[in-house]
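Enquirer: Input structure: upload15.cif, which contains mmCIF, C-alpha atoms.
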data_query
#
loop_
_atom_site.label_atom_id
_atom_site.label_comp_id
_atom_site.auth_asym_id
_atom_site.auth_seq_id
_atom_site.Cartn_x
_atom_site.Cartn_y
_atom_site.Cartn_z
CA MET H 202 46.24 180.43 85.54
CA SER H 203 44.79 180.17 89.06
CA VAL H 204 46.83 178.99 92.03
CA SER H 205 44.79 175.81 92.23
CA ASP H 206 45.83 174.91 88.69
CA TRP H 207 49.52 175.29 89.44
CA ALA H 208 50.08 171.98 91.22
CA GLY H 209 49.43 170.20 87.93
CA ALA H 210 51.38 172.76 85.93
CA VAL H 211 54.53 172.25 87.97
CA SER H 212 55.00 168.83 86.38
CA ASP H 213 55.76 170.71 83.17
CA TRP H 214 57.69 173.77 84.24
CA ARG H 215 58.13 174.87 80.65
CA ASP H 216 54.41 175.57 80.33
CA ALA H 217 54.48 177.36 83.67
CA LEU H 218 57.39 179.51 82.50
CA GLU H 219 55.55 180.43 79.30
CA ASP H 220 52.54 181.42 81.40
CA MET H 221 54.74 183.77 83.42
CA LYS H 222 56.24 185.26 80.28
CA GLY H 223 52.73 185.81 78.96
CA LEU H 224 51.79 187.69 82.12
CA ILE H 225 54.68 190.15 81.75
CA ALA H 226 54.49 190.40 77.94
CA PRO H 227 52.27 193.55 77.88
CA VAL H 228 55.14 195.49 79.50
CA PHE H 229 57.12 195.18 76.28
CA ARG H 230 55.73 197.14 73.33
CA ARG H 231 57.43 195.29 70.49
CA SER H 232 57.71 191.59 69.68
CA GLU H 233 61.51 191.93 69.61
CA GLN H 234 61.46 193.23 73.18
CA ARG H 235 59.23 190.38 74.33
CA SER H 236 61.54 187.88 72.68
CA SER H 237 64.62 189.47 74.24
CA ALA H 238 62.99 189.57 77.68
CA GLY H 239 62.11 185.90 77.37
CA ALA H 240 65.67 185.06 76.36
CA PHE H 241 67.00 187.16 79.24
CA ILE H 242 64.88 185.27 81.78
CA ASP H 243 65.79 181.92 80.22
CA GLY H 244 69.45 182.87 80.60
CA LEU H 245 68.97 183.87 84.23
CA LEU H 246 67.42 180.46 84.92
CA SER H 247 70.17 178.65 83.05
CA GLY H 248 73.33 177.18 84.51
CA ALA H 249 75.51 179.98 83.13
CA GLU H 250 77.99 180.96 85.81
CA ARG H 251 77.86 184.67 85.02
CA LYS H 252 74.66 186.34 83.83
CA THR H 253 76.43 188.94 81.70
CA GLY H 254 75.20 190.23 78.34
CA TRP H 255 77.60 188.02 76.41
CA MET H 256 76.75 184.87 78.38
CA LEU H 257 73.00 185.47 78.21
CA ALA H 258 73.33 186.04 74.47
CA GLU H 259 75.30 182.82 74.15
CA GLU H 260 72.61 180.92 76.06
CA ALA H 261 70.03 182.35 73.61
CA GLY H 262 72.10 181.30 70.60
CA LEU H 263 72.89 184.88 69.57
CA GLU H 264 76.20 185.81 68.00
CA GLN H 265 76.25 189.26 69.60
CA PRO H 266 74.87 190.64 72.91
CA TYR H 267 73.22 193.66 71.22
CA ARG H 268 69.63 192.54 71.86
CA ILE H 269 70.32 191.71 75.51
CA GLN H 270 72.14 194.97 76.11
CA SER H 271 69.46 196.95 74.30
CA LEU H 272 66.80 195.47 76.59
CA LEU H 273 68.50 197.09 79.58
CA GLY H 274 69.52 200.29 77.85
CA ARG H 275 68.21 201.67 74.59
CA SER H 276 64.76 200.10 74.33
CA ILE H 277 61.66 201.81 75.72
CA TRP H 278 59.69 200.01 78.44
CA SER H 279 58.86 200.55 82.11
CA ALA H 280 60.73 198.62 84.78
CA ASP H 281 58.12 199.78 87.30
CA ASP H 282 55.34 198.21 85.24
CA LEU H 283 57.28 194.96 85.13
CA CYS H 284 57.88 195.09 88.87
CA SER H 285 54.16 195.65 89.48
CA ARG H 286 53.25 192.61 87.40
CA VAL H 287 55.88 190.50 89.15
CA ARG H 288 54.45 191.59 92.50
CA SER H 289 50.91 190.57 91.49
CA TYR H 290 52.26 187.24 90.26
CA VAL H 291 54.03 186.62 93.58
CA LEU H 292 51.11 187.66 95.77
CA GLU H 293 48.70 185.45 93.86
CA ALA H 294 50.87 182.50 94.83
CA LEU H 295 52.14 183.51 98.27
CA GLY H 296 49.49 185.93 99.56
CA ASP H 297 48.21 184.98 103.01
CA PRO H 298 46.62 186.90 105.91
CA ASP H 299 49.55 185.75 108.07
CA GLY H 300 52.15 186.89 105.52
CA VAL H 301 54.79 189.51 106.31
CA LEU H 302 56.53 192.33 104.47
CA VAL H 303 60.28 192.55 105.00
CA VAL H 304 62.47 195.50 104.01
CA ASP H 305 66.26 195.46 103.80
CA GLU H 306 69.15 196.66 101.70
CA THR H 307 71.88 194.83 99.85
CA GLY H 308 75.12 195.97 98.24
CA PHE H 309 76.52 195.50 94.73
CA LEU H 310 80.30 195.84 94.49
CA LYS H 311 81.46 197.95 91.54
CA LYS H 312 84.63 199.19 89.88
CA GLY H 313 84.86 202.82 88.81
CA GLY H 314 82.49 205.67 89.48
CA HIS H 315 80.15 205.81 86.48
CA SER H 316 77.32 203.43 87.46
CA ALA H 317 74.30 205.23 88.91
CA GLY H 318 74.55 205.66 92.68
CA VAL H 319 77.98 204.05 92.98
CA GLY H 320 80.39 205.31 95.61
CA ARG H 321 82.37 204.40 98.69
CA GLN H 322 79.72 203.57 101.24
CA TYR H 323 79.00 200.98 103.88
CA SER H 324 77.76 197.69 102.50
CA GLY H 325 76.18 195.28 104.95
CA THR H 326 76.75 192.57 102.34
CA ALA H 327 80.53 193.09 102.50
CA GLY H 328 80.50 194.18 106.15
CA ARG H 329 82.68 197.22 105.42
CA ILE H 330 82.95 200.39 103.34
CA GLU H 331 83.31 199.49 99.66
CA ASN H 332 82.87 201.04 96.25
CA CYS H 333 79.35 199.84 95.58
CA GLN H 334 75.72 200.50 94.79
CA ILE H 335 73.05 199.96 97.46
CA GLY H 336 69.56 198.77 96.67
CA VAL H 337 66.63 198.93 99.09
CA PHE H 338 64.28 195.98 98.59
CA ALA H 339 60.98 194.67 99.94
CA SER H 340 60.10 191.00 100.06
CA TYR H 341 56.98 189.05 100.92
CA ALA H 342 56.98 185.87 103.01
CA SER H 343 54.23 183.49 104.03
CA ARG H 344 53.80 179.80 104.76
CA TRP H 345 53.97 179.24 100.99
CA GLY H 346 57.41 180.80 100.44
CA HIS H 347 59.12 184.14 99.96
CA ALA H 348 60.18 186.42 97.09
CA LEU H 349 61.33 189.96 96.37
CA ILE H 350 58.49 192.24 95.30
CA ASP H 351 59.94 195.78 95.11
CA ARG H 352 63.30 197.51 94.68
CA ARG H 353 64.88 200.93 94.42
CA LEU H 354 68.43 202.15 93.95
CA TYR H 355 69.81 204.35 96.74
CA LEU H 356 71.18 207.67 95.44
CA PRO H 357 73.84 209.12 97.79
CA LYS H 358 73.93 212.87 98.48
CA ASP H 359 76.97 213.48 96.29
CA TRP H 360 75.12 211.91 93.38
CA ALA H 361 71.84 213.67 94.07
CA GLY H 362 73.52 217.07 93.87
CA ASP H 363 75.72 216.41 90.83
CA ALA H 364 73.76 217.39 87.71
CA ALA H 365 76.44 216.17 85.30
CA ARG H 366 76.69 212.70 86.83
CA ARG H 367 72.92 212.43 87.04
CA ALA H 368 72.50 213.31 83.38
CA LYS H 369 75.16 210.83 82.26
CA ALA H 370 73.54 208.02 84.25
CA HIS H 371 70.02 209.08 83.19
CA VAL H 372 68.81 209.62 86.75
CA PRO H 373 65.23 211.01 86.45
CA GLU H 374 64.83 214.66 87.42
CA ASP H 375 62.18 213.86 90.01
CA VAL H 376 64.51 211.55 91.95
CA ALA H 377 65.89 213.44 94.93
CA PHE H 378 68.10 212.34 97.77
CA ALA H 379 66.25 210.23 100.33
CA THR H 380 67.57 208.28 103.29
CA LYS H 381 67.16 204.51 103.20
CA PRO H 382 64.47 204.59 105.94
CA ALA H 383 62.58 207.26 103.96
CA MET H 384 62.78 205.06 100.86
CA ALA H 385 61.51 202.09 102.86
CA CYS H 386 58.70 204.19 104.31
CA GLU H 387 57.50 205.17 100.85
CA MET H 388 57.89 201.64 99.51
CA ILE H 389 56.03 199.89 102.33
CA ALA H 390 53.28 202.55 102.39
CA ARG H 391 52.66 201.95 98.68
CA LEU H 392 52.53 198.18 99.14
CA LEU H 393 50.04 198.53 101.99
CA ASP H 394 47.97 200.96 99.93
CA GLU H 395 47.80 198.30 97.23
CA GLY H 396 46.21 195.91 99.73
CA THR H 397 49.15 193.56 100.24
CA PRO H 398 48.00 191.07 102.92
CA CYS H 399 50.36 191.69 105.83
CA ALA H 400 50.29 190.58 109.46
CA PHE H 401 53.62 192.25 110.35
CA VAL H 402 56.26 194.51 108.79
CA LEU H 403 59.82 193.46 109.60
CA ALA H 404 63.16 195.25 109.23
CA ASP H 405 66.61 195.59 110.77
CA ALA H 406 67.86 198.39 113.00
CA VAL H 407 68.58 200.80 110.13
CA TYR H 408 64.83 201.06 109.65
CA GLY H 409 63.59 200.14 113.12
CA SER H 410 65.47 203.07 114.65
CA ASP H 411 63.67 205.56 112.41
CA TYR H 412 60.75 207.21 114.22
CA ARG H 413 59.00 208.29 110.99
CA PHE H 414 59.01 204.76 109.64
CA ARG H 415 57.50 203.38 112.85
CA ARG H 416 54.96 206.20 113.05
CA MET H 417 53.81 205.64 109.47
CA LEU H 418 53.02 202.02 110.31
CA GLU H 419 51.32 202.87 113.60
CA THR H 420 48.98 205.44 112.06
CA ARG H 421 47.84 202.71 109.66
CA GLY H 422 47.25 200.22 112.46
CA GLN H 423 49.95 198.03 110.91
CA PRO H 424 51.72 195.69 113.35
CA TYR H 425 55.50 195.50 113.15
CA VAL H 426 58.56 193.91 114.73
CA LEU H 427 61.59 196.10 113.96
CA ALA H 428 65.13 195.53 115.20
CA VAL H 429 66.79 198.37 117.15
CA ARG H 430 70.27 198.93 118.51
CA SER H 431 71.04 198.15 122.13
CA THR H 432 71.94 201.82 122.71
CA HIS H 433 68.79 203.32 121.14
CA ALA H 434 67.70 206.21 123.39
CA LEU H 435 64.37 205.74 125.19
CA ARG H 436 62.72 208.45 127.28
CA PHE H 437 59.83 207.95 129.69
CA LEU H 438 57.84 210.33 131.84
CA GLU H 439 57.86 208.90 135.34
CA GLU H 440 56.66 210.80 138.40
CA TRP H 441 56.75 214.05 136.45
CA GLN H 442 60.32 213.66 135.28
CA PHE H 443 61.86 212.21 132.14
CA ILE H 444 63.90 209.04 132.56
CA GLN H 445 66.36 208.26 129.75
CA THR H 446 67.49 204.69 129.20
CA ASN H 447 68.10 202.18 126.39
CA PRO H 448 67.05 198.63 125.46
CA ALA H 449 70.19 197.00 126.90
CA VAL H 450 69.67 198.59 130.33
CA MET H 451 65.95 197.79 130.42
CA ILE H 452 66.40 194.15 129.47
CA ALA H 453 69.35 193.66 131.83
CA GLU H 454 67.05 194.42 134.75
CA LEU H 455 64.71 191.52 133.93
CA PRO H 456 64.63 188.56 136.37
CA PRO H 457 65.54 185.09 135.03
CA GLU H 458 61.91 183.96 135.05
CA ALA H 459 60.99 186.70 132.57
CA TRP H 460 62.65 184.71 129.76
CA GLN H 461 60.83 182.03 127.81
CA PRO H 462 62.29 179.57 125.27
CA LEU H 463 60.44 179.91 121.97
CA SER H 464 60.98 179.03 118.33
CA ALA H 465 61.88 181.71 115.79
CA GLY H 466 60.76 179.37 113.01
CA GLU H 467 62.35 176.60 111.00
CA GLY H 468 65.98 176.83 109.96
CA ALA H 469 68.24 174.63 107.86
CA LYS H 470 68.88 172.45 110.93
CA GLY H 471 65.38 172.47 112.39
CA LEU H 472 63.70 174.79 114.87
CA ARG H 473 65.67 177.94 115.75
CA LEU H 474 65.24 178.17 119.52
CA TYR H 475 66.04 181.26 121.59
CA ASP H 476 65.07 182.75 124.93
CA TRP H 477 62.57 185.60 124.47
CA SER H 478 61.19 188.31 126.72
CA ARG H 479 59.27 191.56 126.38
CA LEU H 480 58.49 194.70 128.31
CA PRO H 481 55.60 197.09 127.67
CA ILE H 482 56.69 200.52 126.47
CA ARG H 483 54.73 203.20 128.25
CA HIS H 484 53.86 205.34 125.26
CA GLU H 485 50.36 206.04 124.04
CA ALA H 486 49.12 203.66 121.35
CA GLU H 487 46.01 203.42 119.23
CA ALA H 488 43.03 201.74 120.87
CA GLY H 489 43.49 197.97 120.91
CA PHE H 490 47.25 198.18 120.24
CA SER H 491 50.32 198.04 122.47
CA ARG H 492 54.03 198.72 122.17
CA TRP H 493 56.72 196.41 123.52
CA LEU H 494 60.45 196.18 123.78
CA LEU H 495 61.20 192.64 122.62
CA ALA H 496 64.46 190.78 123.30
CA ARG H 497 65.93 187.58 121.85
CA ARG H 498 68.76 185.84 123.72
CA SER H 499 70.99 183.06 122.45
CA LEU H 500 70.68 179.81 124.38
CA ARG H 501 74.41 179.15 123.91
CA ASP H 502 75.65 182.67 124.64
CA PRO H 503 73.42 184.60 127.09
CA GLU H 504 75.40 187.78 126.34
CA ALA H 505 74.23 187.70 122.69
CA ILE H 506 70.95 189.61 122.79
CA ALA H 507 69.01 191.19 119.92
CA TYR H 508 66.46 193.94 120.57
CA TYR H 509 63.25 194.93 118.78
CA PHE H 510 60.44 197.44 118.95
CA ALA H 511 57.13 195.65 118.52
CA TYR H 512 53.73 197.16 117.84
CA ALA H 513 50.74 194.82 117.66
CA ARG H 514 47.28 194.19 118.95
CA THR H 515 47.18 194.08 122.72
CA ASP H 516 46.26 190.40 122.75
CA ALA H 517 49.36 189.41 120.72
CA THR H 518 51.39 186.84 122.63
CA LEU H 519 55.14 186.69 123.10
CA ALA H 520 55.13 183.64 120.83
CA ASP H 521 53.37 185.66 118.12
CA LEU H 522 56.05 188.36 118.23
CA ALA H 523 58.91 185.85 118.33
CA ALA H 524 57.55 183.99 115.31
CA ALA H 525 57.21 187.24 113.37
CA ALA H 526 60.73 188.41 114.28
CA GLY H 527 62.08 185.07 113.11
CA LEU H 528 60.87 185.67 109.55
CA ARG H 529 63.23 188.55 108.83
CA TRP H 530 65.86 186.09 107.59
CA THR H 531 63.67 185.30 104.57
CA ILE H 532 64.79 188.43 102.71
CA GLU H 533 68.43 187.43 103.26
CA GLU H 534 67.66 184.12 101.62
CA CYS H 535 65.99 185.96 98.74
CA PHE H 536 69.18 187.99 98.23
CA GLN H 537 71.46 184.98 98.47
CA ARG H 538 69.50 182.85 96.02
CA ALA H 539 69.04 185.71 93.57
CA LYS H 540 72.76 186.50 93.65
CA ASP H 541 74.09 182.96 93.67
CA ASP H 542 71.71 181.50 91.08
CA LEU H 543 70.12 184.33 89.07
CA GLY H 544 72.74 187.05 88.72
CA LEU H 545 71.15 189.77 90.82
CA ASP H 546 74.62 191.24 91.31
CA HIS H 547 75.78 190.75 87.70
CA CYS H 548 74.24 193.95 86.36
CA GLU H 549 76.48 195.57 83.71
CA ALA H 550 74.19 198.53 82.99
CA ARG H 551 75.41 201.87 84.29
CA SER H 552 72.19 203.84 83.97
CA TRP H 553 69.45 204.33 86.56
CA HIS H 554 66.82 202.63 84.39
CA GLY H 555 69.27 199.86 83.42
CA TRP H 556 69.75 198.96 87.09
CA HIS H 557 66.00 198.86 87.76
CA ARG H 558 65.37 196.84 84.60
CA HIS H 559 67.99 194.26 85.50
CA MET H 560 66.67 193.91 89.06
CA SER H 561 63.08 193.59 87.85
CA LEU H 562 63.94 190.88 85.33
CA VAL H 563 65.86 188.93 87.98
CA MET H 564 62.90 189.34 90.33
CA ALA H 565 60.65 187.89 87.60
CA ALA H 566 62.87 184.81 87.32
CA ALA H 567 62.98 184.45 91.12
CA ALA H 568 59.20 184.86 91.31
CA PHE H 569 58.76 182.02 88.83
CA LEU H 570 60.82 179.70 91.04
CA ALA H 571 58.99 180.87 94.17
CA ARG H 572 55.62 180.23 92.55
CA ILE H 573 56.59 176.70 91.51
CA ALA H 574 57.80 175.99 95.07
CA ALA H 575 54.54 177.43 96.46
CA ALA H 576 52.49 175.16 94.19
CA GLN H 577 54.43 172.15 95.45
CA ARG H 578 53.83 173.21 99.06
CA ARG H 579 50.12 173.66 98.43
CA ALA H 580 49.92 170.26 96.77
CA ALA H 581 51.76 168.61 99.66
CA PHE H 582 49.55 170.44 102.17
CA GLY H 583 46.45 169.22 100.34
CA LYS H 584 47.68 165.62 100.33
CA ARG H 585 48.29 165.75 104.08
CA ASN H 586 44.73 166.95 104.58
CA GLU H 587 43.38 164.20 102.32
CA THR H 588 45.22 161.49 104.27
CA SER H 589 44.38 162.90 107.70
CA PRO H 590 41.76 160.87 109.53
CA THR H 591 38.28 162.34 109.87
CA PRO H 592 37.07 163.00 113.43
CA GLN H 593 34.90 159.85 113.23
CA THR H 594 37.81 157.71 112.07
CA ALA H 595 40.11 159.14 114.71
CA ALA H 596 37.53 158.48 117.40
CA ALA H 597 37.16 154.88 116.23
#
Translate the structure described by the file into structure tokens.
Expert:
Amino acid sequence: MSVSDWAGAVSDWRDALEDMKGLIAPVFRRSEQRSSAGAFIDGLLSGAERKTGWMLAEEAGLEQPYRIQSLLGRSIWSADDLCSRVRSYVLEALGDPDGVLVVDETGFLKKGGHSAGVGRQYSGTAGRIENCQIGVFASYASRWGHALIDRRLYLPKDWAGDAARRAKAHVPEDVAFATKPAMACEMIARLLDEGTPCAFVLADAVYGSDYRFRRMLETRGQPYVLAVRSTHALRFLEEWQFIQTNPAVMIAELPPEAWQPLSAGEGAKGLRLYDWSRLPIRHEAEAGFSRWLLARRSLRDPEAIAYYFAYARTDATLADLAAAAGLRWTIEECFQRAKDDLGLDHCEARSWHGWHRHMSLVMAAAAFLARIAAAQRRAAFGKRNETSPTPQTAAA
């Protein structure tokens, strides 16, 4: 079904849901798998408080959770193939030349030490060190909405080097330890190789502070706005000597008139206004591109300043960079909705493939909701255009 057909289809979401299930059906080899996957997604979209195997089975009218549990564990199908189809489904609805790719991680609290990748590690979700799994995700956002489009489980060093634990959790042999920025680098490079329409890549300081991640984007001519820490070391060659400084020092030296109030996009309470400023970074860039140190300052608390490295075409305005930076929150909303409503953090599977299967199925359910919302936005946008006066009418 084309995007233009979706505005009408939204009035009967059941048909739209069946269309989505039909798109992902080829991933599942057997009719029983397709039926179980459909029941799994129905359960995720239901009002069940917990999206566990037993509750999803109950929603499907099954006496036992065997089929649901088998879908995540014993059955044979590719979570990566499902994720690829979900991504195509999302981009057909949300794809836009002004769209952005956002990368971030989220934590999944766990008990015990048997689930793949679990361990005591810092979770930004909890804001402290917890026994948890960490997933690195990519999302896509445009004027039509936002949705998760890729995911990968982080494997800590102690897991990567423990053959017994790996075998028990069915971690593939070709999966080696990789830092989160390295995982993000590989993920975003693959998405760009696939032709994902992307005006900017966005990420927090975990990724923005990584030189290899930034360099990968720059060599592709891919603009980015990446958060960095206030203490990130910066070195410049000035009058034949290296000067070392950091973002906080550089921005503190700016005069008051260097700041400009700009919107970082719409929030729950309207426009999110901040003071913004930027400084050129004197490093070589590809022809037609420039690097900047970007700063965002709270209007209520001038001491609250966030810092970014920005790389974009030389004619990009401060407003362009501020608007891009303001879209990083969209992946946080993706996480919150997927956890609160769809059970992203209710995965009971302990295996590597079970985790990726659960995440991919939740992403499919979230993509369905995002596509319906996008169709409604497109329909509303079209109605506004239809009711707008023509130039002749306006002139009259």
Enquirer: Between atom CA of Arg579 of chain H and atom CA of Ile225 of chain H, what distance in Å does the model show, to one decimal?
Expert: 23.9 Å
Enquirer: Evaluated on this file, the PyMOL selection byres ((chain H and resi 435) around 12) picks out some residues - which ones are they, written as an NGL selection string?
Expert: :H and (410 or 412 or 429-434 or 436-438 or 443-451 or 482-484 or 494 or 510)
Enquirer: When you count all atoms listed in the file, which of these residues is closest to Gly396 of chain H: H:Leu292, H:Ala240, H:Ala261, H:Leu522?
Expert: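 With all atoms listed in the file as the atom set, the closest residue is H:Leu292.
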Enquirer: Given the file shown, enumerate the residues that the PyMOL selection byres ((chain H and resi 366-370) around 12) captures and present them as a PyMOL selection string.
Expert: chain H and resi 274+314-319+356-365+371-378+550-556
Enquirer: Neighbouring residues of Ile350 of chain H were defined as those with any atom within 6 Å, considering all atoms listed in the file; residues of the same chain fewer than 2 positions away were excluded. Please report them as a list in words.
Expert: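 Returned residues: Arg288, Ala339 and Ser340 of chain H.
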Enquirer: For the structure provided, state which residues fall under the PyMOL selection byres ((chain H and resi 568) around 8), and present them as a PDB file with C-alpha atoms, in the frame of the given file.
Expert:
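That gives us part19.pdb:
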ATOM      1  CA  VAL H 287      55.880 190.500  89.150  1.00  0.00           C
ATOM      2  CA  TYR H 290      52.260 187.240  90.260  1.00  0.00           C
ATOM      3  CA  VAL H 291      54.030 186.620  93.580  1.00  0.00           C
ATOM      4  CA  ALA H 348      60.180 186.420  97.090  1.00  0.00           C
ATOM      5  CA  LEU H 349      61.330 189.960  96.370  1.00  0.00           C
ATOM      6  CA  MET H 564      62.900 189.340  90.330  1.00  0.00           C
ATOM      7  CA  ALA H 565      60.650 187.890  87.600  1.00  0.00           C
ATOM      8  CA  ALA H 566      62.870 184.810  87.320  1.00  0.00           C
ATOM      9  CA  ALA H 567      62.980 184.450  91.120  1.00  0.00           C
ATOM     10  CA  PHE H 569      58.760 182.020  88.830  1.00  0.00           C
ATOM     11  CA  LEU H 570      60.820 179.700  91.040  1.00  0.00           C
ATOM     12  CA  ALA H 571      58.990 180.870  94.170  1.00  0.00           C
ATOM     13  CA  ARG H 572      55.620 180.230  92.550  1.00  0.00           C
TER      14      ARG H 572
END
Enquirer: What's the separation between atom CA of Val303 of chain H and atom CA of Ala342 of chain H, in Å to one decimal place?
Expert: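 Going from atom CA of Val303 of chain H over to atom CA of Ala342 of chain H, I get 7.7 Å.
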Enquirer: Mind giving me the straight-line distance from atom CA of Asp405 of chain H to atom CA of Ala294 of chain H in Å, one decimal?
Expert: 25.9 Å
Enquirer: Show which residues sit within 12 Å of Ala488 of chain H, as a ChimeraX atom specification. Count only C-alpha atoms, and ignore same-chain residues fewer than 2 positions away.
Expert: /H:419-420,422,485-486,490-492,513-516
Enquirer: Need the shell around Val228 of chain H: protein/DNA/RNA residues with any atom at most 9 Å away, counting only C-alpha atoms. Skip same-chain ones fewer than 6 positions apart. Format as a PDB file with C-alpha atoms, keeping the file's coordinate frame?
Expert:
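Okay, this is what ended up in part_16.pdb:
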ATOM      1  CA  ARG H 235      59.230 190.380  74.330  1.00  0.00           C
ATOM      2  CA  TRP H 278      59.690 200.010  78.440  1.00  0.00           C
ATOM      3  CA  SER H 279      58.860 200.550  82.110  1.00  0.00           C
ATOM      4  CA  ALA H 280      60.730 198.620  84.780  1.00  0.00           C
ATOM      5  CA  ASP H 282      55.340 198.210  85.240  1.00  0.00           C
ATOM      6  CA  LEU H 283      57.280 194.960  85.130  1.00  0.00           C
ATOM      7  CA  ARG H 286      53.250 192.610  87.400  1.00  0.00           C
TER       8      ARG H 286
END
Enquirer: Closest to Arg421 of chain H among H:Glu487, H:Glu260, H:Asp541, H:Glu331, using all atoms listed in the file?
Expert: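 Of all the options, H:Glu487 lies closest to Arg421 of chain H.
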Enquirer: Restricting the calculation to all atoms listed in the file, which member of H:Thr531, H:Ser561, H:Gln270, H:Gln234 is positioned closest to Val304 of chain H?
Expert: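 Looking at the shortest contact to Val304 of chain H, the residue is H:Thr531.
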Enquirer: Choose the residue, out of H:Leu427, H:Ala258, H:Ala581, H:Ala517, that has the smallest atom-to-atom separation from Leu495 of chain H; count all atoms listed in the file.
Expert: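 Smallest distance to Leu495 of chain H is found for H:Leu427.
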Enquirer: So, with all atoms listed in the file as the atoms that count, which of H:Arg416, H:His547, H:His557, H:Arg391 lies closest to Thr253 of chain H?
Expert: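 Once distances to Thr253 of chain H are computed over all atoms listed in the file, the minimum belongs to H:His547.
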Enquirer: Contacts of Gly254 of chain H at 10 Å or less, counting all atoms listed in the file, minus same-chain residues fewer than 3 places along, as a list in words?
Expert: Phe241, Gly244, Arg251, Leu257, Ala258, Glu259, Glu260, Gln265, Pro266, Tyr267, Arg268, Ile269, Gln270, Ser271, Leu273, His547, Cys548, Glu549 and Ala550 of chain H
Enquirer: Find the residues around Asp411 of chain H up to 10 Å (all atoms listed in the file counted), leave out those fewer than 2 positions away in its own chain, and share them as a tab-separated table (two decimals) with C-alpha atoms, keeping the file's coordinate frame.
Expert:
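Resulting contents of around_36.tsv:
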chain	number	residue	atom	x	y	z
H	381	LYS	CA	67.16	204.51	103.20
H	382	PRO	CA	64.47	204.59	105.94
H	383	ALA	CA	62.58	207.26	103.96
H	386	CYS	CA	58.70	204.19	104.31
H	406	ALA	CA	67.86	198.39	113.00
H	407	VAL	CA	68.58	200.80	110.13
H	408	TYR	CA	64.83	201.06	109.65
H	409	GLY	CA	63.59	200.14	113.12
H	413	ARG	CA	59.00	208.29	110.99
H	414	PHE	CA	59.01	204.76	109.64
H	415	ARG	CA	57.50	203.38	112.85
H	416	ARG	CA	54.96	206.20	113.05
H	427	LEU	CA	61.59	196.10	113.96
H	429	VAL	CA	66.79	198.37	117.15
Enquirer: Rank nothing, just name the residue among H:Tyr512, H:Val301, H:Tyr355, H:Tyr475 nearest to Gly320 of chain H, using only C-alpha atoms.
Expert: H:Tyr355
Enquirer: How close does segment 467-497 of chain H get to segment 452-463 of chain H? List, as CSV, each residue of segment 467-497 of chain H within 10 Å, its nearest atom pair and the distance in Å to one decimal, counting only C-alpha atoms.
Expert:
residue,atom,partner,partner_atom,distance
H:Leu472,CA,H:Leu463,CA,9.3
H:Arg473,CA,H:Leu463,CA,8.4
H:Leu474,CA,H:Leu463,CA,5.7
H:Tyr475,CA,H:Pro462,CA,5.5
H:Asp476,CA,H:Pro462,CA,4.2
H:Trp477,CA,H:Gln461,CA,5.2
H:Ser478,CA,H:Trp460,CA,4.9
H:Arg479,CA,H:Ala459,CA,8.1
H:Leu480,CA,H:Ile452,CA,8.0
H:Leu494,CA,H:Ile452,CA,8.5
H:Leu495,CA,H:Ile452,CA,8.7
H:Ala496,CA,H:Ile452,CA,7.3
H:Arg497,CA,H:Trp460,CA,9.0
Enquirer: Centre and edge lengths of an axis-aligned box around all listed atoms of segment 541-551 of chain H, with 6 Å added on each side, are to be given in Å to one decimal, as lines of an AutoDock Vina configuration file.
Expert:
center_x = 73.3
center_y = 191.7
center_z = 88.3
size_x = 18.4
size_y = 32.4
size_z = 22.7
